[in-house]
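Chemist: One file is attached below, run-v2.cif, containing mmCIF, C-alpha atoms and all ligand atoms.
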```
data_work
#
loop_
_atom_site.label_atom_id
_atom_site.label_comp_id
_atom_site.auth_asym_id
_atom_site.auth_seq_id
_atom_site.Cartn_x
_atom_site.Cartn_y
_atom_site.Cartn_z
CA MET A 138 4.36 46.85 15.25
CA SER A 139 3.23 43.24 15.07
CA ARG A 140 2.76 41.72 11.67
CA SER A 141 -0.84 40.84 10.79
CA ILE A 142 -1.67 37.18 10.17
CA PRO A 143 -2.22 36.49 6.48
CA ASP A 144 -5.71 35.13 5.80
CA SER A 145 -4.58 32.44 3.38
CA LEU A 146 -2.51 30.19 5.59
CA LYS A 147 -1.10 27.00 4.08
CA ALA A 148 0.29 23.71 5.36
CA VAL A 149 2.55 21.05 3.86
CA LEU A 150 2.65 17.67 5.56
CA VAL A 151 5.72 15.65 4.61
CA VAL A 152 5.45 11.97 5.53
CA CYS A 153 8.73 10.06 5.44
CA ASP A 154 7.64 6.44 5.21
CA GLY A 155 9.12 4.23 7.93
CA LEU A 156 11.37 7.01 9.31
CA GLY A 157 11.58 5.86 12.95
CA ASP A 158 13.98 3.03 13.78
CA HIS A 159 15.77 1.10 16.50
CA PRO A 160 19.20 2.00 17.89
CA ILE A 161 21.56 0.12 15.53
CA PRO A 162 24.72 -1.54 16.92
CA SER A 163 26.70 -0.84 13.72
CA LEU A 164 25.80 2.87 14.13
CA ARG A 165 27.14 2.82 17.71
CA GLY A 166 23.65 2.66 19.11
CA LYS A 167 22.27 5.56 17.09
CA THR A 168 19.16 5.32 14.96
CA PRO A 169 19.62 6.05 11.23
CA LEU A 170 17.90 9.42 11.78
CA GLU A 171 20.35 10.25 14.59
CA ALA A 172 23.33 9.12 12.51
CA ALA A 173 22.32 11.04 9.37
CA GLN A 174 23.55 14.60 8.61
CA THR A 175 20.30 16.58 8.68
CA PRO A 176 21.02 20.31 9.05
CA THR A 177 17.64 21.37 7.64
CA LEU A 178 15.58 18.96 9.73
CA ASP A 179 17.46 20.07 12.85
CA GLN A 180 16.95 23.74 12.04
CA LEU A 181 13.23 23.20 11.37
CA ALA A 182 12.95 21.37 14.71
CA ALA A 183 14.93 24.04 16.60
CA GLU A 184 12.69 26.81 15.24
CA GLY A 185 9.51 24.74 15.51
CA ALA A 186 7.53 22.54 17.86
CA THR A 187 8.25 18.82 18.20
CA GLY A 188 6.73 15.70 19.67
CA LEU A 189 6.21 11.98 19.20
CA ILE A 190 3.29 10.28 17.46
CA HIS A 191 1.85 6.85 18.25
CA VAL A 192 0.31 6.59 14.79
CA ILE A 193 -2.51 4.10 15.51
CA ALA A 194 -2.10 3.61 19.28
CA PRO A 195 0.91 2.90 21.54
CA GLY A 196 2.62 -0.34 20.54
CA ILE A 197 0.58 -1.09 17.42
CA PRO A 198 2.71 -1.51 14.25
CA PRO A 199 0.78 0.32 11.50
CA GLY A 200 0.52 -0.69 7.86
CA SER A 201 1.26 2.12 5.43
CA ASP A 202 -2.43 2.32 4.53
CA THR A 203 -3.85 2.53 8.07
CA GLY A 204 -0.90 4.71 9.16
CA HIS A 205 -1.66 7.30 6.49
CA LEU A 206 -5.41 7.25 7.19
CA ALA A 207 -4.61 7.99 10.86
CA LEU A 208 -2.20 10.83 10.02
CA LEU A 209 -4.90 12.34 7.80
CA GLY A 210 -7.31 12.24 10.74
CA TYR A 211 -9.38 9.11 10.03
CA ASP A 212 -10.27 6.21 12.29
CA SER A 213 -9.20 3.17 10.30
CA SER A 214 -11.02 0.82 12.68
CA SER A 215 -14.30 2.10 11.23
CA CYS A 216 -13.36 2.86 7.59
CA TYR A 217 -10.60 0.43 6.62
CA THR A 218 -11.61 -2.76 4.81
CA GLY A 219 -8.40 -3.72 2.97
CA ARG A 220 -5.56 -2.35 0.90
CA GLY A 221 -7.06 -3.25 -2.48
CA PRO A 222 -9.28 -0.18 -2.96
CA PHE A 223 -6.37 2.22 -2.27
CA GLU A 224 -4.18 0.48 -4.86
CA ALA A 225 -7.04 0.68 -7.36
CA LEU A 226 -7.71 4.37 -6.66
CA GLY A 227 -3.98 5.07 -6.84
CA ALA A 228 -3.85 3.37 -10.24
CA GLY A 229 -6.44 5.91 -11.39
CA MET A 230 -9.41 3.49 -11.42
CA ARG A 231 -12.90 4.70 -10.54
CA LEU A 232 -14.59 2.55 -7.92
CA HIS A 233 -18.30 1.99 -7.36
CA PRO A 234 -19.40 1.44 -3.74
CA THR A 235 -20.16 -2.25 -4.39
CA ASP A 236 -16.88 -3.03 -6.24
CA ILE A 237 -14.44 -5.45 -4.62
CA ALA A 238 -10.85 -4.31 -5.20
CA PHE A 239 -7.61 -6.30 -4.74
CA ARG A 240 -3.89 -5.78 -4.94
CA GLY A 241 -2.48 -8.06 -7.59
CA ASN A 242 1.04 -9.45 -8.09
CA PHE A 243 2.34 -11.04 -11.24
CA ALA A 244 3.99 -14.20 -9.96
CA THR A 245 5.69 -17.34 -11.26
CA VAL A 246 3.94 -20.63 -10.52
CA GLN A 247 4.38 -24.25 -11.49
CA CYS A 248 1.09 -26.11 -11.79
CA THR A 249 0.73 -29.88 -11.64
CA THR A 250 -2.57 -31.49 -12.64
CA GLY A 251 -4.53 -32.45 -9.55
CA GLN A 252 -1.92 -31.03 -7.17
CA GLY A 253 -2.41 -27.28 -7.40
CA CYS A 254 0.09 -24.57 -8.23
CA ARG A 255 3.34 -23.97 -6.35
CA VAL A 256 4.57 -20.36 -6.13
CA LEU A 257 8.18 -20.22 -7.33
CA ASP A 258 8.51 -16.42 -7.27
CA ARG A 259 5.83 -14.18 -5.74
CA ARG A 260 7.04 -11.24 -7.83
CA ALA A 261 8.01 -12.91 -11.12
CA GLY A 262 11.53 -11.57 -10.68
CA ARG A 263 10.20 -8.06 -9.85
CA ARG A 264 11.10 -6.72 -13.30
CA VAL A 265 8.06 -7.19 -15.52
CA PRO A 266 8.39 -4.61 -18.31
CA GLU A 267 5.65 -6.47 -20.20
CA GLY A 268 3.26 -5.76 -17.28
CA ALA A 269 0.99 -3.37 -19.20
CA LYS A 270 0.77 -5.77 -22.19
CA LEU A 271 0.07 -8.77 -19.96
CA VAL A 272 -2.69 -6.82 -18.20
CA LYS A 273 -4.36 -6.21 -21.58
CA LEU A 274 -4.76 -9.99 -21.93
CA ILE A 275 -6.74 -10.32 -18.70
CA ASP A 276 -8.50 -6.95 -18.39
CA GLY A 277 -12.19 -7.36 -19.22
CA LEU A 278 -12.10 -11.17 -19.29
CA SER A 279 -15.46 -12.87 -18.93
CA LEU A 280 -16.04 -15.70 -16.44
CA PRO A 281 -18.14 -18.51 -17.96
CA SER A 282 -20.06 -19.06 -14.69
CA SER A 283 -20.94 -15.36 -14.31
CA PRO A 284 -20.83 -13.40 -17.55
CA ASP A 285 -22.53 -10.43 -15.84
CA ILE A 286 -19.51 -9.88 -13.56
CA GLU A 287 -16.98 -7.37 -14.89
CA VAL A 288 -13.26 -7.95 -14.31
CA VAL A 289 -11.12 -4.79 -14.50
CA VAL A 290 -7.32 -5.00 -14.25
CA LYS A 291 -4.83 -2.14 -14.33
CA HIS A 292 -1.03 -2.32 -14.24
CA THR A 293 0.69 -0.06 -11.67
CA VAL A 294 4.46 -0.57 -11.39
CA GLU A 295 6.91 -3.44 -11.83
CA HIS A 296 5.09 -6.71 -11.00
CA ARG A 297 2.06 -5.02 -9.44
CA CYS A 298 -1.48 -4.41 -10.61
CA ALA A 299 -4.92 -3.63 -9.22
CA VAL A 300 -7.88 -5.93 -9.88
CA VAL A 301 -11.56 -5.04 -9.47
CA LEU A 302 -14.64 -7.28 -9.53
CA ARG A 303 -17.81 -5.38 -10.43
CA GLY A 304 -21.35 -6.74 -10.32
CA ARG A 305 -24.17 -7.83 -8.05
CA ASN A 306 -24.07 -9.84 -4.85
CA LEU A 307 -20.31 -9.52 -4.17
CA SER A 308 -18.62 -9.54 -0.75
CA ARG A 309 -15.18 -8.46 0.46
CA GLN A 310 -15.28 -11.13 3.21
CA ILE A 311 -13.00 -13.56 1.38
CA SER A 312 -9.43 -14.75 1.86
CA ASP A 313 -6.38 -14.07 -0.37
CA THR A 314 -5.09 -16.37 -3.10
CA ASP A 315 -1.58 -15.03 -2.41
CA PRO A 316 0.17 -17.35 0.09
CA HIS A 317 2.39 -14.37 1.11
CA GLU A 318 5.49 -16.61 0.99
CA GLN A 319 7.51 -18.40 -1.68
CA SER A 320 7.38 -22.18 -2.10
CA LEU A 321 3.78 -22.48 -0.91
CA ASP A 322 0.77 -23.28 -3.06
CA VAL A 323 -1.56 -20.67 -4.53
CA GLN A 324 -4.35 -20.54 -1.95
CA GLU A 325 -8.01 -21.28 -2.61
CA SER A 326 -9.97 -18.15 -1.74
CA LYS A 327 -12.40 -18.97 1.08
CA PRO A 328 -15.47 -17.15 2.41
CA LEU A 329 -14.76 -15.44 5.76
CA ASP A 330 -18.39 -15.36 6.81
CA THR A 331 -21.43 -17.52 6.16
CA SER A 332 -23.11 -15.19 3.65
CA GLU A 333 -24.04 -16.39 0.19
CA ALA A 334 -22.26 -13.37 -1.27
CA ALA A 335 -18.95 -14.34 0.36
CA GLN A 336 -19.26 -17.92 -0.91
CA TYR A 337 -20.11 -16.69 -4.39
CA THR A 338 -17.24 -14.15 -4.46
CA ALA A 339 -14.67 -16.69 -3.24
CA SER A 340 -15.71 -19.13 -5.98
CA LEU A 341 -15.46 -16.32 -8.57
CA VAL A 342 -11.96 -15.44 -7.36
CA ASN A 343 -10.87 -19.07 -7.71
CA GLU A 344 -12.34 -19.27 -11.21
CA LEU A 345 -10.61 -15.98 -12.05
CA THR A 346 -7.26 -17.26 -10.75
CA ARG A 347 -7.49 -20.34 -12.98
CA ALA A 348 -8.34 -18.09 -15.93
CA PHE A 349 -5.32 -15.86 -15.16
CA TYR A 350 -3.03 -18.90 -15.29
CA ARG A 351 -4.60 -20.31 -18.45
CA ILE A 352 -4.34 -17.03 -20.38
CA LEU A 353 -0.97 -15.82 -19.09
CA SER A 354 0.89 -19.12 -19.33
CA ALA A 355 -0.19 -19.41 -23.01
CA SER A 356 1.00 -15.90 -23.88
CA PRO A 357 3.92 -15.47 -26.32
CA LEU A 358 5.20 -12.75 -23.96
CA ASN A 359 5.88 -15.46 -21.40
CA ALA A 360 7.48 -17.69 -24.03
CA GLU A 361 9.89 -14.81 -24.68
CA ARG A 362 10.58 -14.43 -20.96
CA ARG A 363 11.27 -18.16 -20.73
CA GLN A 364 13.70 -17.98 -23.65
CA ALA A 365 15.47 -15.02 -22.04
CA GLY A 366 15.90 -17.05 -18.84
CA LEU A 367 13.44 -14.88 -16.91
CA PRO A 368 10.76 -16.22 -14.56
CA GLU A 369 7.39 -16.30 -16.28
CA ALA A 370 4.69 -13.88 -15.12
CA ASN A 371 2.10 -16.63 -15.47
CA ILE A 372 -0.46 -15.84 -12.78
CA VAL A 373 -1.83 -12.90 -10.77
CA LEU A 374 -2.02 -13.49 -7.01
CA LEU A 375 -4.74 -11.52 -5.22
CA ARG A 376 -4.79 -10.04 -1.70
CA GLY A 377 -6.25 -7.21 0.38
CA ALA A 378 -9.89 -7.47 -0.81
CA GLY A 379 -11.81 -4.36 0.16
CA THR A 380 -14.45 -1.83 -0.76
CA LEU A 381 -14.26 1.93 -1.18
CA PRO A 382 -14.13 3.53 2.28
CA GLU A 383 -17.14 5.74 2.93
CA ILE A 384 -15.48 8.72 4.60
CA PRO A 385 -15.96 12.48 4.44
CA SER A 386 -13.37 14.34 2.38
CA LEU A 387 -10.86 16.79 3.89
CA HIS A 388 -12.84 19.48 2.13
CA ASP A 389 -16.03 18.38 3.94
CA LEU A 390 -14.21 18.33 7.28
CA TYR A 391 -12.08 21.47 7.06
CA GLY A 392 -13.13 23.35 3.93
CA ILE A 393 -9.63 22.99 2.47
CA ARG A 394 -8.43 22.29 -1.05
CA ALA A 395 -5.86 19.50 -0.67
CA ALA A 396 -3.28 17.99 -3.04
CA CYS A 397 -0.95 14.99 -2.95
CA VAL A 398 2.59 14.57 -4.27
CA ALA A 399 3.61 10.90 -4.20
CA GLY A 400 5.22 8.24 -6.35
CA GLY A 401 3.55 5.07 -5.01
CA ALA A 402 0.03 4.00 -5.99
CA LEU A 403 -1.05 3.23 -2.42
CA TYR A 404 -0.38 6.78 -1.20
CA LYS A 405 -2.11 8.36 -4.17
CA GLY A 406 -5.02 6.02 -3.50
CA VAL A 407 -5.32 7.01 0.17
CA ALA A 408 -5.13 10.66 -0.92
CA ARG A 409 -7.86 10.16 -3.54
CA SER A 410 -10.10 8.43 -1.00
CA VAL A 411 -10.11 11.63 1.11
CA GLY A 412 -10.71 13.88 -1.88
CA MET A 413 -7.21 15.20 -2.66
CA ASP A 414 -6.10 16.26 -6.12
CA ILE A 415 -3.22 14.05 -7.27
CA LEU A 416 -0.32 15.92 -8.88
CA SER A 417 1.70 14.03 -11.40
CA VAL A 418 5.38 14.82 -10.86
CA ARG A 419 8.08 13.65 -13.27
CA GLY A 420 10.75 11.71 -11.41
CA ALA A 421 8.57 10.90 -8.37
CA THR A 422 9.27 7.16 -8.46
CA ALA A 423 8.86 6.05 -4.79
CA ARG A 424 12.26 4.33 -5.28
CA TYR A 425 15.78 5.24 -4.17
CA ASP A 426 16.16 7.36 -7.31
CA THR A 427 13.06 9.50 -6.61
CA ASP A 428 13.55 13.17 -7.53
CA GLU A 429 13.21 14.98 -4.20
CA VAL A 430 13.80 18.41 -5.74
CA ALA A 431 11.00 17.99 -8.29
CA LYS A 432 8.63 16.82 -5.55
CA ALA A 433 9.44 19.72 -3.23
CA LYS A 434 9.07 22.27 -6.02
CA ALA A 435 5.75 20.77 -7.17
CA ALA A 436 4.40 20.89 -3.59
CA ALA A 437 5.47 24.52 -3.13
CA LYS A 438 4.07 25.57 -6.50
CA THR A 439 0.63 24.08 -5.96
CA LEU A 440 0.18 26.10 -2.75
CA SER A 441 -1.08 28.88 -5.01
CA LYS A 442 -4.10 26.63 -5.70
CA HIS A 443 -4.28 24.41 -2.61
CA ASP A 444 -4.41 25.06 1.15
CA PHE A 445 -2.85 21.76 2.15
CA VAL A 446 -0.33 19.48 0.48
CA PHE A 447 0.54 15.95 1.54
CA LEU A 448 3.99 14.98 0.27
CA HIS A 449 5.00 11.34 0.57
CA PHE A 450 8.66 10.19 0.63
CA LYS A 451 9.02 6.43 0.38
CA PRO A 452 12.64 5.18 0.14
CA ALA A 453 13.63 5.36 3.84
CA ASP A 454 11.10 2.59 4.46
CA SER A 455 12.42 0.49 1.57
CA ALA A 456 15.99 0.73 2.93
CA ALA A 457 14.83 -0.45 6.37
CA HIS A 458 12.87 -3.34 4.79
CA ASP A 459 16.16 -4.25 3.07
CA LYS A 460 17.84 -4.14 6.54
CA ASN A 461 20.26 -1.57 5.18
CA PRO A 462 20.78 1.21 7.77
CA GLN A 463 23.48 2.91 5.66
CA LYS A 464 21.04 3.23 2.76
CA LYS A 465 18.41 4.54 5.15
CA ILE A 466 20.86 7.23 6.31
CA GLU A 467 21.48 8.16 2.66
CA MET A 468 17.71 8.41 2.07
CA ILE A 469 17.18 10.52 5.21
CA GLU A 470 19.87 12.90 3.92
CA LYS A 471 17.93 13.02 0.66
CA LEU A 472 14.84 13.90 2.72
CA ASP A 473 16.84 16.72 4.32
CA HIS A 474 17.53 18.03 0.83
CA LEU A 475 13.82 17.76 0.01
CA LEU A 476 12.97 19.89 3.05
CA SER A 477 15.67 22.48 2.30
CA THR A 478 14.28 22.81 -1.25
CA LEU A 479 10.73 23.05 0.04
CA GLN A 480 11.67 25.70 2.57
CA LYS A 481 13.29 27.85 -0.12
CA HIS A 482 10.21 27.73 -2.33
CA VAL A 483 7.39 28.46 0.13
CA ASP A 484 6.32 31.76 1.64
CA LYS A 485 7.53 31.41 5.24
CA ASP A 486 5.14 34.10 6.49
CA ASN A 487 2.08 32.01 5.75
CA THR A 488 3.22 28.39 5.39
CA PHE A 489 3.50 25.65 8.01
CA ILE A 490 5.72 22.67 7.35
CA ALA A 491 5.09 19.43 9.26
CA LEU A 492 7.29 16.36 9.06
CA THR A 493 6.56 12.94 10.51
CA ALA A 494 6.25 9.25 9.55
CA ASP A 495 3.48 6.70 9.10
CA HIS A 496 5.35 4.17 11.30
CA SER A 497 8.80 3.10 12.37
CA THR A 498 10.54 0.44 10.26
CA SER A 499 13.39 -1.43 11.92
CA SER A 500 16.63 -1.75 9.96
CA LEU A 501 17.42 -4.67 12.27
CA ASN A 502 14.49 -6.95 11.45
CA GLY A 503 13.09 -5.28 8.32
CA GLN A 504 9.61 -4.96 9.85
CA HIS A 505 7.21 -2.14 10.70
CA THR A 506 7.20 -1.66 14.47
CA GLY A 507 4.88 -0.06 17.01
CA ASP A 508 7.51 2.44 18.22
CA PRO A 509 6.34 6.06 18.03
CA VAL A 510 7.62 8.42 15.31
CA PRO A 511 9.11 11.91 15.60
CA LEU A 512 7.09 14.98 14.60
CA LEU A 513 8.06 18.56 13.88
CA ILE A 514 5.87 21.50 12.94
CA ASN A 515 7.52 24.70 11.79
CA GLY A 516 5.63 27.87 10.92
CA PRO A 517 4.89 31.49 11.70
CA ARG A 518 2.78 30.99 14.84
CA VAL A 519 4.27 27.86 16.33
CA ARG A 520 5.29 27.92 20.01
CA HIS A 521 8.75 26.50 19.68
CA ASP A 522 10.21 24.29 22.39
CA HIS A 523 13.73 23.49 23.59
CA VAL A 524 14.39 20.64 21.17
CA THR A 525 17.19 21.49 18.72
CA GLN A 526 17.57 18.20 16.86
CA PHE A 527 15.10 16.15 14.84
CA SER A 528 15.29 12.57 16.10
CA GLU A 529 13.23 9.93 17.88
CA ARG A 530 14.92 10.61 21.23
CA ALA A 531 15.12 14.42 21.01
CA CYS A 532 11.46 14.77 19.97
CA ALA A 533 10.38 12.78 23.05
CA ASN A 534 11.02 16.04 24.97
CA GLY A 535 9.09 18.24 22.56
CA GLY A 536 6.35 20.73 23.34
CA LEU A 537 3.69 18.90 21.34
CA GLY A 538 4.06 15.96 23.70
CA HIS A 539 3.01 12.42 22.83
CA LEU A 540 0.13 12.29 20.37
CA VAL A 541 -1.81 9.68 18.44
CA GLY A 542 -1.94 9.93 14.65
CA LYS A 543 -5.51 11.23 14.56
CA ASP A 544 -4.46 14.30 16.61
CA LEU A 545 -2.22 15.65 13.87
CA MET A 546 -4.78 17.06 11.43
CA PRO A 547 -6.75 19.09 14.01
CA ILE A 548 -3.41 20.54 15.22
CA LEU A 549 -2.29 21.44 11.71
CA MET A 550 -5.71 22.76 10.76
CA ASN A 551 -5.75 24.88 13.91
CA TYR A 552 -2.48 26.49 12.81
CA ILE A 553 -4.03 27.43 9.48
CA SER A 554 -7.30 28.51 11.17
CA ARG A 555 -9.40 25.69 9.72
CA THR A 556 -10.37 23.67 12.80
CA PRO A 557 -13.95 24.62 13.66
CA LYS A 558 -14.70 25.95 17.16
CA TYR A 559 -16.11 23.37 19.58
CA GLY A 560 -18.87 24.93 21.72
CA ALA A 561 -20.32 28.43 21.79
ZN ZN B 1 4.72 3.01 5.40
ZN ZN B 2 6.95 -0.53 4.79
#
```
Starting from the file, give its structure as structure tokens.
Modeler:
Amino acid sequence: MSRSIPDSLKAVLVVCDGLGDHPIPSLRGKTPLEAAQTPTLDQLAAEGATGLIHVIAPGIPPGSDTGHLALLGYDSSSCYTGRGPFEALGAGMRLHPTDIAFRGNFATVQCTTGQGCRVLDRRAGRRVPEGAKLVKLIDGLSLPSSPDIEVVVKHTVEHRCAVVLRGRNLSRQISDTDPHEQSLDVQESKPLDTSEAAQYTASLVNELTRAFYRILSASPLNAERRQAGLPEANIVLLRGAGTLPEIPSLHDLYGIRAACVAGGALYKGVARSVGMDILSVRGATARYDTDEVAKAKAAAKTLSKHDFVFLHFKPADSAAHDKNPQKKIEMIEKLDHLLSTLQKHVDKDNTFIALTADHSTSSLNGQHTGDPVPLLINGPRVRHDHVTQFSERACANGGLGHLVGKDLMPILMNYISRTPKYGA
């Protein structure tokens, strides 16, 4: 007798950031994923369906923001304006449709009268435990030229914060003040189109940047850092100006209740922008020490309340950015442990598990690349293929073929009977 299909089917999408890689000479030509010991990933692939995903389009290196939007089924060419709004949403801020949001970095600068400010350290030494206190000094500051404009600042992690400008006649068409490299000057923000709003917003951002320096460099917290031999956090550099994307939620599209388990603000922000509930999980740090067991258990547990869970795993990407393939192998083995924990805690008769990446990150050059990423989907009604290993090369022969990122959600939603019928 065949088993009936349960009516409450569930799906968990695990995204391992930057999972794909190049063949590495020091690994005898294997990729970190091929070199890692991954018994659970291999078993899930052997019992499931596999394929490759070109996340944006073949050959295009995705950012983490646009990569995740694509995997969640959205066309970033029409909805993506910049990374700022995702950082702000991920920091728990509420955004109005006309707000301009930025990513902010505490940085160390040396200013000389009449000659601008030279960036000595774009991250103020990365460790800024005073971050939340420093943010209090600049959150809500009033700009003399435009007292009606609200400035909202929120600390996220380490040297990072999100900054929002709220008011009338603002534009996101402005350039960054962050020079993106050390030893260059803080940039003047410039309008990127000829509108009055862009000119006005760029001048506000420049006024704001001067105010950041004035207030932060005078703070006793920075005097203490100086005395302790630490680089001062004496300015906030701004980048990624954008507005809230106007996109339908996953609930609007598929009628699902969706949740997110992630450590990093960006991923929580992308999840919030598509209407997911954000779970707060102790030990989910987005760093090498992230607690993979706690994340897997939290994802499994919330399936009693949600139909779909997006679980983000960051540190494989960080290892590749650090050009450290051995560390990436270690993090992929940690991912294997995450999946084995997840598998033990979900009901296999009604739960689909998908695993893929938002892009490849090369451990050779430390950059995101346009190489496709492996995909596996394991679950009760999946047509499994002949692939028995989870890797970039093995998945190239998989039954799901070669997809683009936007294909993934309709496929997953079809498995859990949520993709609407097309036609009569
Ligand atoms: Zn990424
Ligand atoms: Zn990355």
Chemist: Residues proximal to (0.3, 0.2, 15.5) were defined as those with any atom within 10 Å of that point in the file's coordinates, counting all atoms listed in the file. Which are they, as number ranges by chain?
Modeler: A: 191-200, 203-204, 495-497, 505-509
Chemist: Fewer than 6 positions away in the same chain doesn't count, so skip those; otherwise give me all residues within 8 Å of segment 160-177 of chain A, counting all atoms listed in the file, as a PyMOL selection string.
Modeler: chain A and resi 462-463+465-467+469-470+473-474+476-477+500-501+527-529
Chemist: Between A:Ser201, A:Thr314, A:Asn534, A:Gln324, which is the closest to Ala494 of chain A once you count only C-alpha atoms?
Modeler: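 The shortest atom-to-atom distance to Ala494 of chain A comes from A:Ser201.
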Chemist: Could you work out how far atom CA of Asp315 of chain A lies from atom CA of Gln336 of chain A, giving the answer in Å with one decimal?
Modeler: 18.0 Å
Chemist: Set the distance at 8 Å and use all atoms listed in the file: which residues neighbour Ile372 of chain A once local chain neighbours fewer than 4 positions away are removed? I'd like the list as a list in words.
Modeler: Phe243, Ala244, Thr245, Val246, Thr346, Phe349, Tyr350, Leu353 and Ser354 of chain A
Chemist: Do you know which residues are within 8 Å of ligand ZN 2 (chain B) using only C-alpha atoms and all ligand atoms? Can you write them as a PyMOL selection string?
Modeler: chain A and resi 154-155+200-201+454-455+458+498+504-505
Chemist: With a distance cut-off of 12 Å and all atoms listed in the file, select the neighbouring residues of Pro385 of chain A, excluding the residue or stretch itself and same-chain residues fewer than 3 positions from it, and output the selection as a PyMOL selection string.
Modeler: chain A and resi 209-212+216+382+388-392+409-413
Chemist: Can you list, as a PyMOL selection string, every protein, DNA or RNA residue that comes within 8 Å of Lys147 of chain A when you count all atoms listed in the file, leaving out same-chain residues fewer than 6 positions away?
Modeler: chain A and resi 440+443-445+487-489+553
Chemist: State, in Å with one decimal place, the distance from atom CA of Gly536 of chain A to atom CA of Leu513 of chain A.
Modeler: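 Distance reported for this atom pair: 9.9 Å.
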Chemist: Which residues are near segment 430-435 of chain A? Cut-off 8 Å, only C-alpha atoms, ignore same chain within fewer than 5 positions. Put them as a list in words.
Modeler: Val398, Ala399, Leu416, Val418, Arg419, Gly420, Ala421, Leu448, His474, Leu475, Leu476, Thr478, Leu479 and His482 of chain A
Chemist: May I ask for the distance between atom CA of Asp313 of chain A and atom CA of Leu341 of chain A, given in Å to one decimal place?
Modeler: 12.4 Å
Chemist: Given the block above, output segment 408-420 of chain A with N, CA, C and O atoms as a PDB file, in the first residue's frame.
Modeler:
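Once everything was written out, this is result.pdb:
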```pdb
ATOM      1  N   ALA A 408      15.772  38.552   4.410  1.00  0.00           N
ATOM      2  CA  ALA A 408      14.631  37.732   4.833  1.00  0.00           C
ATOM      3  C   ALA A 408      13.450  38.608   5.257  1.00  0.00           C
ATOM      4  O   ALA A 408      12.302  38.353   4.891  1.00  0.00           O
ATOM      5  N   ARG A 409      13.744  39.679   6.006  1.00  0.00           N
ATOM      6  CA  ARG A 409      12.652  40.580   6.422  1.00  0.00           C
ATOM      7  C   ARG A 409      12.004  41.252   5.224  1.00  0.00           C
ATOM      8  O   ARG A 409      10.798  41.464   5.193  1.00  0.00           O
ATOM      9  N   SER A 410      12.824  41.591   4.198  1.00  0.00           N
ATOM     10  CA  SER A 410      12.270  42.300   3.045  1.00  0.00           C
ATOM     11  C   SER A 410      11.284  41.440   2.263  1.00  0.00           C
ATOM     12  O   SER A 410      10.474  41.961   1.516  1.00  0.00           O
ATOM     13  N   VAL A 411      11.346  40.110   2.431  1.00  0.00           N
ATOM     14  CA  VAL A 411      10.380  39.229   1.748  1.00  0.00           C
ATOM     15  C   VAL A 411       9.374  38.643   2.733  1.00  0.00           C
ATOM     16  O   VAL A 411       8.685  37.677   2.426  1.00  0.00           O
ATOM     17  N   GLY A 412       9.305  39.252   3.917  1.00  0.00           N
ATOM     18  CA  GLY A 412       8.229  38.934   4.862  1.00  0.00           C
ATOM     19  C   GLY A 412       8.482  37.753   5.780  1.00  0.00           C
ATOM     20  O   GLY A 412       7.535  37.206   6.358  1.00  0.00           O
ATOM     21  N   MET A 413       9.736  37.319   5.941  1.00  0.00           N
ATOM     22  CA  MET A 413       9.987  36.189   6.840  1.00  0.00           C
ATOM     23  C   MET A 413       9.998  36.638   8.297  1.00  0.00           C
ATOM     24  O   MET A 413      10.373  37.770   8.597  1.00  0.00           O
ATOM     25  N   ASP A 414       9.650  35.711   9.186  1.00  0.00           N
ATOM     26  CA  ASP A 414       9.874  35.931  10.618  1.00  0.00           C
ATOM     27  C   ASP A 414      11.345  35.641  10.890  1.00  0.00           C
ATOM     28  O   ASP A 414      11.890  34.664  10.363  1.00  0.00           O
ATOM     29  N   ILE A 415      11.976  36.470  11.726  1.00  0.00           N
ATOM     30  CA  ILE A 415      13.399  36.275  12.030  1.00  0.00           C
ATOM     31  C   ILE A 415      13.510  35.615  13.403  1.00  0.00           C
ATOM     32  O   ILE A 415      13.044  36.172  14.401  1.00  0.00           O
ATOM     33  N   LEU A 416      14.104  34.424  13.447  1.00  0.00           N
ATOM     34  CA  LEU A 416      14.275  33.754  14.741  1.00  0.00           C
ATOM     35  C   LEU A 416      15.579  34.238  15.361  1.00  0.00           C
ATOM     36  O   LEU A 416      16.581  34.368  14.661  1.00  0.00           O
ATOM     37  N   SER A 417      15.539  34.473  16.658  1.00  0.00           N
ATOM     38  CA  SER A 417      16.824  34.829  17.260  1.00  0.00           C
ATOM     39  C   SER A 417      17.379  33.581  17.936  1.00  0.00           C
ATOM     40  O   SER A 417      16.713  32.938  18.744  1.00  0.00           O
ATOM     41  N   VAL A 418      18.569  33.184  17.498  1.00  0.00           N
ATOM     42  CA  VAL A 418      19.168  31.920  17.953  1.00  0.00           C
ATOM     43  C   VAL A 418      20.473  32.236  18.666  1.00  0.00           C
ATOM     44  O   VAL A 418      21.380  32.841  18.089  1.00  0.00           O
ATOM     45  N   ARG A 419      20.546  31.835  19.924  1.00  0.00           N
ATOM     46  CA  ARG A 419      21.781  32.023  20.710  1.00  0.00           C
ATOM     47  C   ARG A 419      22.924  31.275  20.060  1.00  0.00           C
ATOM     48  O   ARG A 419      22.759  30.098  19.702  1.00  0.00           O
ATOM     49  N   GLY A 420      24.040  31.952  19.868  1.00  0.00           N
ATOM     50  CA  GLY A 420      25.210  31.266  19.305  1.00  0.00           C
ATOM     51  C   GLY A 420      25.285  31.346  17.787  1.00  0.00           C
ATOM     52  O   GLY A 420      26.264  30.905  17.207  1.00  0.00           O
TER      53      GLY A 420
END
```
